[in-house]
Amino acid sequence: MTADTADTAGPAPAAERAGGPAPRGRLGPPAWLAVFFLLPALLFLGIYVVYPILFSVYRSLWDAPGTEFVGLDNYARMFTRADTFIALRNNVVWIAVAPAVVTVAGLVFAVLTERIRWSTAFKIVVFMPMAISFLASGVIFRLVYEQDPDRGLANAVITTVQDTVAPTGAYPGAEPREGVPLEETPGGGYRLAEPVTPGDTVTIPLVGVNSDELPSDTEHAARPQASPDGVAGTVWVDFTRGGGGREGEIDSTETGLPALRVEAVRDGEAVATATTAADGTFTLTGLEGGDHTLRLAASNFSEPYNGLTWLGPTLITPSIIAAYLWVWAGFAMVLIAAGLSAIPREALEAARVDGATEWQVFRRVTVPLLSPVLMVVFVTLMIYVLKIFDLVFVIAPGSVRADANVLALEMWQVSFGINDQGLGSALAVFLLLLVVPAMVFQIRRFRREDS
Amino acid sequence: MSTQVEPAGPDAGPAPAEPGGEGAPRRSVAARLVARTGSGAVQVVLILIALFWLVPTLGLLFSSLRSPQDNAASGWWAVLTKPSQLTLQNYAELLDNPDFVASFGNTVLITVPSTVLIVVVASLAAYAFAWLEFPGRDWLFLAVVGLLVVPLQVALVPISSLYGGTPLYGSIPAVVLFHVGFGLPFGIFLLRNFFAAIPRDLLEAARMDGGKELTIFRRVILPLGGPAIASLGIFQFLWVWNDLLVALVFASEASQPMTVALQSEMRQFGANIDVISAGAFLSMVVPLLVFFAFQRYFVQGVMAGAVK
C-alpha cells in the first residue's frame, strides 16, 4: 500500500495490489507499457519528420543527381542563382510586411468588435477564409485582380472612383485632320494656331472617331453661322463613309461631333466655354474684343483609366500579401480577442476615470497588457509566412511567377521541376534554420506555461 | 493559449461590459453623444470591412453560376441586375466530368483516413506523455514540441526518394501517411495538454479498480477528452482537405485530390474560369459546412496551433 492513495480514493479498495512493485511511489503501470502507446507515434515521427531532417542536411551536400559530393556549394548557389535570389528577396519582403500587417489588422478588428452588438457575425465572416483552402482563396483573388475593369472587382472599384474624379473623355482617339493648323496642348487637348476674334467663324475637322463613339442623336455637320459678338464654329468628323469626301471640307454626309467642350482662352484663362450641338456647331459668346486662343479641352480626349496591373511584375507580391491578409486576419483577430477578454476591465475603467482618451487607453493600457498574445500571433504568422507556398503558386500567373517567387515555391520548383534535389535540399534546410528561433520560442513558452 | 482546454468559439468568453453601460461612471451628455457617434463610425467601418471579406467570396459564387460567355463579357456583379444569367450549367458539366468526380473521391479517401489515424495515434501517445511514467518522458515531449514548427518542405525530397521505386509512390496511402507524420506533433501537443488537465483522482480511482491501461484509456480518457479530440479531428480534417503541396508531390494523376486537379486548370485561368470557379466553390462546400457546424472546435484547434 502506498501512502499516496490516501489523498485520492479514500479507503483503499486496491489492497490486493499492495504486494506488487510500486516504483516511484505512484500506483501506475510499468514503464514498458509506455512503449506500446508511444510506438506508432514514434515510428511516424521518426520516418516522416526526424529522418527527413537528417537526410536533407546530408543530401544538400551533394550535387543535383546525388552522385558527387559538393560540400557547401548548394548553399552558395542559393545566394548567387538569380531565380533563387529573387525568392530570397521576396521572402524578406513577406517577413517584413505580412506578419506585422496581419497582427495590426487583427488587433484593430478585435478592439473594434468589442463595441458592436453583431461581433459574433463579424468574427465569423472574417474568420471564414481560415476554413477554406489557399487554392480556393487564390482563385477568389485571381478573380478580384482580373485586369479588365469590366470583370475584375479591384479594377472595377478603382476605375469607378477614378471616373468620378476625372471622367474619361468622349473621344479618346480623336485627332485633327493632318494639315489643319491645330497644335496639341500639354494636357492632351488641341488649340488653333491662329488667334480668333469675335465675329470669326472656324471649322475644325477631326478624324479618329469611331462611329460607335458618337451619340445616337448626332446629325449631319452644319456650317457655322457667324455671330457678331462671338466666335462660331463647327467641329465635325472629316470622314465620308465609303470615301469620296473632300479633306477639310464639310461634306453633305459627314457628321458633327457633339458634346465636345470648346474654350476661348485669354492670358492662360478660359474666358468662355461652349459645348458643340448635335450638328457639331458651337458659339462662344460674351467675348470682349481682341485675340483669343480657341482650345478643344483635354478632357474630351483623355484616355480611359484601366486600373492597376495587380498581377504584373511590380504589384504581384503586394497583391498576394493582401490576399494573405484576407486569409489570416481572422486568426489574429480571434486569438487577440481571447486575450482581450482576459484583460481586467478595472484596468481600462481606471484609466478612463483618470481622464484618458480612448486612444490613450488603447495605447497605454490595452496594447501593453496584450503584448504576450501579440507576440504569439506575430511569431506564428512569421512561421507560416516563411513557408508560404499555395497562395503564391495559385495567384501569380505563369508569366510573373519568377517575380513573385518565394523560398518554399522555389524549393518545390528546384526539387521537382528541374530535379536539382541538392539545391532543393539546401533550400529546405535553410527554411528549417529560419524557423529554429521560433522553435526555441515555442519550447521556452511551453516550459514556462507547463511549470 | 495552447493549454486552454474548453472549446471556445469566436464569441466565447465572458461578454465584456459595454463601455458606458450599467455600472460605468456617469458621464456627461456631451461625452455620451461623442461615444454614440464614435460607435456609429465604428459600425460603418466594420460593415465596410465585413463587405471586404464577404464580397470576394460572393464573386466566386456568382462567377460559378454564370455561363463562360457571360463571364467573358462582364463582371459577376452584372448578375445583380440580370438574375436571369444564373445557371447551374457549370456545376452540371463538372459533375459530369469523371476526372473531377474521381478527384473529389480522392480528397475524401485521403482526408478521412489521415484524420482518423492522426487522432488515434496522437491520443495514444498523448496519453503516455500525460499519464504514464517512463525515463526521458519530459525530454521526449519537448522534442515533439520542437518538431511542431518543422516546415514540411524538409521532408519532400527525402520522402520522395524513400518512396521512389516502391508501389507507394503516387498512391493515396503515400499521401495519407505523410499527412499523419506531419500532423502528429500538433496532435500530440494538443491532446497531451488536455489529457494532463484531467483530474488525477479519476485516473487513480480507475487504476485502483484494477482497470487495464487500455481500458482506462478507452473508458476514462477518450470520453473526457472528447472536446479536444473533436478540435484536433476537425482541424486536421480541414488541413488535409485543403492541402495542395503534399498531394502535388506525392499523388499521381489517378490519386490526385481536388486541389491538385483544379490547380492544373489554373494555367488557362481565363479559358477555364467556368471549371475553376465551380470546382473551387465545390471544394469549399465541405470545409464551410464543417466550419459552420463545428465552429467552436475548429477555432479552438486553430488557436492551439498558434506557433506551429
# chains A, B, ... in the order shown; residues from 1 in each chain; ligands from 1
call {"tool": "interface_residues", "arguments": {"of": "chain B", "to": "chain A", "cutoff": "6 Å", "atoms": "only C-alpha atoms", "output": "list in words"}}
result
Pro10, Asp11, Leu60, Ser74, Gly75, Val121, Leu124, Ala125, Ala128, Phe134, Gly146, Gln153, Val154, Ala155, Pro158, Gly181, Asp201, Ala205, Met208, Asn242, Ala280, Met284, Pro287, Ala306 and Val307 of chain B
call {"tool": "residues_around", "arguments": {"residues": "Asp70 (chain B)", "least_positions_apart": "6", "cutoff": "12 Å", "atoms": "only C-alpha atoms", "output": "VMD selection string"}}
result
(chain A and resid 150 to 151) or (chain B and resid 62 to 64 76 to 79 82 to 87 273 to 274)
call {"tool": "write_last_selection", "arguments": {"atoms": "N, CA and C atoms", "output": "mmCIF file, in the first residue's frame"}}
result
data_model
loop_
_atom_site.group_PDB
_atom_site.id
_atom_site.type_symbol
_atom_site.label_atom_id
_atom_site.label_comp_id
_atom_site.auth_asym_id
_atom_site.auth_seq_id
_atom_site.Cartn_x
_atom_site.Cartn_y
_atom_site.Cartn_z
ATOM 1 N N ASP A 150 -13.992 45.589 -66.497
ATOM 2 C CA ASP A 150 -15.344 45.062 -66.663
ATOM 3 C C ASP A 150 -15.510 43.722 -65.964
ATOM 4 N N ARG A 151 -14.404 43.091 -65.581
ATOM 5 C CA ARG A 151 -14.502 41.758 -64.990
ATOM 6 C C ARG A 151 -13.849 41.650 -63.615
ATOM 7 N N PHE B 62 -20.916 33.776 -57.577
ATOM 8 C CA PHE B 62 -21.687 34.257 -58.731
ATOM 9 C C PHE B 62 -20.985 33.908 -60.045
ATOM 10 N N SER B 63 -19.654 33.994 -60.070
ATOM 11 C CA SER B 63 -18.947 33.616 -61.300
ATOM 12 C C SER B 63 -19.233 32.165 -61.648
ATOM 13 N N SER B 64 -19.299 31.320 -60.600
ATOM 14 C CA SER B 64 -19.511 29.901 -60.866
ATOM 15 C C SER B 64 -20.930 29.636 -61.346
ATOM 16 N N TRP B 76 -19.021 39.626 -62.604
ATOM 17 C CA TRP B 76 -20.052 38.814 -61.971
ATOM 18 C C TRP B 76 -21.168 39.660 -61.390
ATOM 19 N N TRP B 77 -20.872 40.933 -61.083
ATOM 20 C CA TRP B 77 -21.886 41.778 -60.459
ATOM 21 C C TRP B 77 -23.031 42.093 -61.419
ATOM 22 N N ALA B 78 -22.829 41.831 -62.708
ATOM 23 C CA ALA B 78 -23.920 42.041 -63.663
ATOM 24 C C ALA B 78 -25.128 41.191 -63.281
ATOM 25 N N VAL B 79 -24.868 40.105 -62.581
ATOM 26 C CA VAL B 79 -25.929 39.186 -62.202
ATOM 27 C C VAL B 79 -26.921 39.844 -61.233
ATOM 28 N N LYS B 82 -29.211 41.355 -63.572
ATOM 29 C CA LYS B 82 -29.775 40.391 -64.523
ATOM 30 C C LYS B 82 -29.746 38.990 -63.927
ATOM 31 N N PRO B 83 -30.643 38.702 -62.991
ATOM 32 C CA PRO B 83 -30.611 37.382 -62.329
ATOM 33 C C PRO B 83 -30.852 36.237 -63.309
ATOM 34 N N SER B 84 -31.347 36.574 -64.501
ATOM 35 C CA SER B 84 -31.612 35.502 -65.475
ATOM 36 C C SER B 84 -30.317 34.844 -65.937
ATOM 37 N N GLN B 85 -29.177 35.494 -65.679
ATOM 38 C CA GLN B 85 -27.894 34.889 -66.070
ATOM 39 C C GLN B 85 -27.560 33.665 -65.239
ATOM 40 N N LEU B 86 -28.190 33.550 -64.064
ATOM 41 C CA LEU B 86 -27.839 32.452 -63.164
ATOM 42 C C LEU B 86 -28.144 31.103 -63.805
ATOM 43 N N THR B 87 -27.161 30.212 -63.722
ATOM 44 C CA THR B 87 -27.346 28.889 -64.302
ATOM 45 C C THR B 87 -26.495 27.883 -63.536
ATOM 46 N N ILE B 273 -12.322 29.413 -66.627
ATOM 47 C CA ILE B 273 -12.923 30.025 -65.454
ATOM 48 C C ILE B 273 -14.200 29.307 -65.018
ATOM 49 N N ASP B 274 -14.921 28.724 -65.988
ATOM 50 C CA ASP B 274 -16.151 28.016 -65.622
ATOM 51 C C ASP B 274 -15.848 26.789 -64.766
#
call {"tool": "atom_distance", "arguments": {"atom1": "CA of Val101 (chain A)", "atom2": "CA of Tyr305 (chain A)"}}
result
29.2 Å
call {"tool": "closest_residue", "arguments": {"among": "B:Ala92, B:Val55, B:Leu190, B:Ile172", "to": "Glu253 (chain B)", "atoms": "only C-alpha atoms"}}
result
B:Ile172
call {"tool": "closest_residue", "arguments": {"among": "B:Leu282, B:Asp138, B:Ser114, B:Thr215", "to": "Phe178 (chain B)", "atoms": "only C-alpha atoms"}}
result
B:Ser114
call {"tool": "atom_distance", "arguments": {"atom1": "CA of Ser211 (chain A)", "atom2": "CA of Gly242 (chain A)"}}
result
13.3 Å
call {"tool": "select_by_dssp", "arguments": {"residues": "region 230-429 of chain A", "states": "alpha helix (DSSP H)", "output": "MDAnalysis selection string"}}
result
chainID A and resid 316:341 345:353 358:360 367:386 390:395 401:404 407:412 421:429
call {"tool": "closest_residue", "arguments": {"among": "A:Leu294, A:Val104, A:Val180, A:Val237", "to": "Gly208 (chain A)", "atoms": "only C-alpha atoms"}}
result
A:Val237
call {"tool": "closest_residue", "arguments": {"among": "B:Leu148, B:Ala196, B:Leu177, B:Leu289", "to": "Ala304 (chain B)", "atoms": "only C-alpha atoms"}}
result
B:Leu148
call {"tool": "residues_around", "arguments": {"residues": "Thr283 (chain A)", "least_positions_apart": "2", "cutoff": "12 Å", "atoms": "only C-alpha atoms", "output": "JSON, numbers by chain"}}
result
{"A": [198, 199, 200, 201, 202, 203, 223, 224, 225, 226, 227, 228, 229, 230, 231, 232, 233, 234, 235, 261, 262, 263, 264, 272, 273, 274, 275, 276, 277, 280, 281, 285, 286, 287, 294]}
call {"tool": "atom_distance", "arguments": {"atom1": "CA of Leu109 (chain B)", "atom2": "CA of Ser255 (chain B)"}}
result
9.2 Å
call {"tool": "residues_around", "arguments": {"residues": "Leu248 (chain B)", "least_positions_apart": "6", "cutoff": "9 Å", "atoms": "only C-alpha atoms", "output": "VMD selection string"}}
result
chain B and resid 256 to 257 259 to 260
call {"tool": "write_last_selection", "arguments": {"atoms": "C-alpha atoms", "output": "CSV table (one decimal), in the first residue's frame"}}
result
chain,number,residue,atom,x,y,z
B,256,GLN,CA,-4.8,13.4,-57.1
B,257,PRO,CA,-7.3,15.3,-54.9
B,259,THR,CA,-6.9,20.9,-55.1
B,260,VAL,CA,-4.3,19.4,-57.5
call {"tool": "residues_around", "arguments": {"residues": "Leu88 (chain B)", "least_positions_apart": "5", "cutoff": "9 Å", "atoms": "only C-alpha atoms", "output": "PDB file with C-alpha atoms, in the first residue's frame"}}
result
ATOM      1  CA  SER B  64     -19.511  29.901 -60.866  1.00  0.00           C
ATOM      2  CA  LEU B  65     -23.229  30.414 -61.517  1.00  0.00           C
ATOM      3  CA  ARG B  66     -22.787  32.231 -64.846  1.00  0.00           C
ATOM      4  CA  SER B  67     -22.036  30.853 -68.255  1.00  0.00           C
ATOM      5  CA  GLU B  93     -20.728  19.874 -66.509  1.00  0.00           C
TER       6      GLU B  93
END
call {"tool": "residues_around", "arguments": {"residues": "Ile110 (chain B)", "least_positions_apart": "5", "cutoff": "8 Å", "atoms": "only C-alpha atoms", "output": "PDB file with C-alpha atoms, in the first residue's frame"}}
result
ATOM      1  CA  ILE B 172      -3.281   7.504 -51.852  1.00  0.00           C
ATOM      2  CA  PRO B 173      -1.624   5.844 -48.810  1.00  0.00           C
ATOM      3  CA  VAL B 175      -0.193  10.995 -49.217  1.00  0.00           C
ATOM      4  CA  VAL B 176      -2.101   9.798 -46.142  1.00  0.00           C
ATOM      5  CA  VAL B 240      -5.679  17.747 -45.133  1.00  0.00           C
ATOM      6  CA  TRP B 241      -8.770  18.544 -47.205  1.00  0.00           C
ATOM      7  CA  PRO B 257      -7.271  15.290 -54.874  1.00  0.00           C
TER       8      PRO B 257
END
